[in-house]
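Below is one structure, written out as structure tokens; the observations come after it.
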Amino acid sequence: MNWKFWSKKNKTTPKKKKSALREWTDAIVFAVIAATLIRTFFIEAYVIPTPSMERSLLVGDFLFVSKVNYGARTPITPIAFPFAHHTMPLIGTKAYWDGIKLPYYRLPGLSDVKRGDVVVFNYPMDADSPLYRPVDKRENFIKRCQGIAGDTLSVVDAQVYVNGRAAPTPPGSEMEYTFTTNGGDLNPQVLSDLNVTQYPGRDYQTMTKASADALKGYSNVKDFKPVLSKKGVTDPQSPVYPTNPGHPVGPPNLMLNGKQPDYKWSVDNYGPIIIPKKGWTVKLDSLTYPIYERCINTYENNKLEVKGSDIYINGKKTDSYTFKLNYYWMMGDNRHDSDDSRYWGFVPEDHIVGKALFIWMSWDENASFFSKIRWSRLFNGIH
């Protein structure tokens, strides 16, 4: 073969032009890969679906959430349909295959999760029946971090205390209040201007502290007070973590002597409770075991057995446990309308998705056509 002739011919032969279909296919594949990398490692958009963070965040707020601040979590379930979180649109099937699961790993970040941060995380209870979702395919929740690993947290009359000190209450935080008037009804425009919410089926009004201070100053308003659960009394209508009588956390065989204590905690008067920290060793007894059983069993993947008053972890009898992960305590700013840590406990560090940065769009579904966009909220930072 004349290698010189072949080389010259090869250099001068024009490349075959791609078809329009091939060009479009390449462009779409590149766009999907680029968007997936951006969503996984840098920034992602979310929308607020419920009022649990009102009035700090409103239903219809569209947010950008940074994966860089706390360090991006690498995929745990790598085989998944692009842009679908856990469920395929329309057909409702799983959008991922959990036949392959990778270990938890997080890239270096700009900072750790701090108290007061508004954080997106995976809902821990999706680990349970009937969903049994992998960590990174559990539903996305957004709450405010009230306590970090190692903190001792309590709630007294709806005020959060961390390590014995009152935690700052966000200006947008809402509570329920009750009041009466001296005969006449309040002007509905007053309630609207103060952003007072009346939820269907409730006798209470929900509002921020600033709105409450303004409203109780009206001359025809009396008996104004917050709605609070009683101290030292378990509320059977609203059971909190880890238990109250008749609402155990785990199966009876995971409870010491087949029963759990009544902590007499409620949504407004809770704790104190120590948030687990990586490397911390807890003494396990009838009071602490129900609180930390879920962390040991579900989140840190140990086999737990209880035989009478004896605890066995991975087949070995023990009365203590050293945690492998850091945990966080997340609460909604709308104190009486939030599914948060008071009801289901700690958020493990491998569930953390990212930090909410700012609102890029806000859409009020209930407003008139020309008022649906909340212009004053666009590009507001989240604090």
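Order determines the names: the first chain of the structure tokens is A, the second B, and so forth; residues in each chain are numbered 1 upward, and ligands are numbered 1 upward as they are shown.
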List every residue of range 118-178 of chain A that has an atom at most 7 Å from any atom of range 206-212 of chain A, giving for each one its closest atom pair and the distance in Å to one decimal, counting only C-alpha atoms, sorted by chain and then by ascending residue number, as JSON lines.
```
{"residue": "A:Gly172", "atom": "CA", "partner": "A:Thr208", "partner_atom": "CA", "distance": 6.0}
{"residue": "A:Ser173", "atom": "CA", "partner": "A:Thr208", "partner_atom": "CA", "distance": 5.7}
{"residue": "A:Glu174", "atom": "CA", "partner": "A:Thr208", "partner_atom": "CA", "distance": 4.4}
{"residue": "A:Met175", "atom": "CA", "partner": "A:Thr206", "partner_atom": "CA", "distance": 5.5}
{"residue": "A:Glu176", "atom": "CA", "partner": "A:Thr206", "partner_atom": "CA", "distance": 4.3}
{"residue": "A:Tyr177", "atom": "CA", "partner": "A:Thr206", "partner_atom": "CA", "distance": 6.2}
```
Sorted by chain and rising residue number, which residues of range 266-381 of chain A lie within 12 Å of range 222-234 of chain A, and what are their closest atom pairs and distances in Å to one decimal, counting only C-alpha atoms, as JSON lines?
```
{"residue": "A:Ser266", "atom": "CA", "partner": "A:Thr234", "partner_atom": "CA", "distance": 5.8}
{"residue": "A:Val267", "atom": "CA", "partner": "A:Ser229", "partner_atom": "CA", "distance": 7.0}
{"residue": "A:Asp268", "atom": "CA", "partner": "A:Ser229", "partner_atom": "CA", "distance": 5.7}
{"residue": "A:Asn269", "atom": "CA", "partner": "A:Lys231", "partner_atom": "CA", "distance": 5.8}
{"residue": "A:Tyr270", "atom": "CA", "partner": "A:Lys231", "partner_atom": "CA", "distance": 8.6}
{"residue": "A:Gly271", "atom": "CA", "partner": "A:Gly232", "partner_atom": "CA", "distance": 10.4}
{"residue": "A:Arg335", "atom": "CA", "partner": "A:Leu228", "partner_atom": "CA", "distance": 10.4}
{"residue": "A:His336", "atom": "CA", "partner": "A:Val227", "partner_atom": "CA", "distance": 9.3}
```
Store the residues picked out above in a file with C-alpha atoms, as an mmCIF file, in the first residue's frame.
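So the final result, stored in selection-v8.cif, reads:
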```
data_model
loop_
_atom_site.group_PDB
_atom_site.id
_atom_site.type_symbol
_atom_site.label_atom_id
_atom_site.label_comp_id
_atom_site.auth_asym_id
_atom_site.auth_seq_id
_atom_site.Cartn_x
_atom_site.Cartn_y
_atom_site.Cartn_z
ATOM 1 C CA SER A 266 -46.276 18.687 72.562
ATOM 2 C CA VAL A 267 -45.832 20.849 69.479
ATOM 3 C CA ASP A 268 -45.371 24.027 71.581
ATOM 4 C CA ASN A 269 -43.604 22.530 74.593
ATOM 5 C CA TYR A 270 -40.991 20.027 73.553
ATOM 6 C CA GLY A 271 -37.752 18.545 74.840
ATOM 7 C CA ARG A 335 -45.374 26.882 63.690
ATOM 8 C CA HIS A 336 -48.821 25.251 63.690
#
```
Residues of range 239-353 of chain A that have any atom at most 8 Å from an atom of range 53-63 of chain A: could you tabulate them with the shortest-distance atom pair and the distance in Å to one decimal, using only C-alpha atoms, ordered by chain and increasing number, as a Markdown table?
```
| residue | atom | partner | partner_atom | distance |
| --- | --- | --- | --- | --- |
| A:Gly332 | CA | A:Met53 | CA | 5.0 |
| A:Asp333 | CA | A:Met53 | CA | 4.6 |
| A:Asn334 | CA | A:Met53 | CA | 5.2 |
| A:Ser338 | CA | A:Met53 | CA | 7.5 |
```
Write to file, as a short mmCIF file (atom, residue, chain, number, x, y, z; two decimals), in the first residue's frame, the residues of the selection just made, with N, CA and C atoms.
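Result file is part33.cif:
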```cif
data_model
loop_
_atom_site.label_atom_id
_atom_site.label_comp_id
_atom_site.auth_asym_id
_atom_site.auth_seq_id
_atom_site.Cartn_x
_atom_site.Cartn_y
_atom_site.Cartn_z
N GLY A 332 -40.62 24.39 60.48
CA GLY A 332 -41.24 25.38 59.61
C GLY A 332 -41.50 26.67 60.36
N ASP A 333 -41.44 27.80 59.65
CA ASP A 333 -41.71 29.09 60.29
C ASP A 333 -43.18 29.26 60.65
N ASN A 334 -44.06 28.55 59.95
CA ASN A 334 -45.48 28.54 60.30
C ASN A 334 -45.67 27.44 61.35
N SER A 338 -46.89 22.92 60.03
CA SER A 338 -45.63 22.46 59.45
C SER A 338 -45.37 21.02 59.88
#
```
Nearest residue to Glu349 in chain A out of A:Asn301, A:Ser368, A:Asn122, A:Asn195, using only C-alpha atoms?
A:Asn122
Surrounding residues of Leu153 in chain A excluding itself and chain neighbours under 3 positions, 10 Å, only C-alpha atoms, as a PyMOL selection string:
chain A and resi 146-148+150+160-167+270-275+329
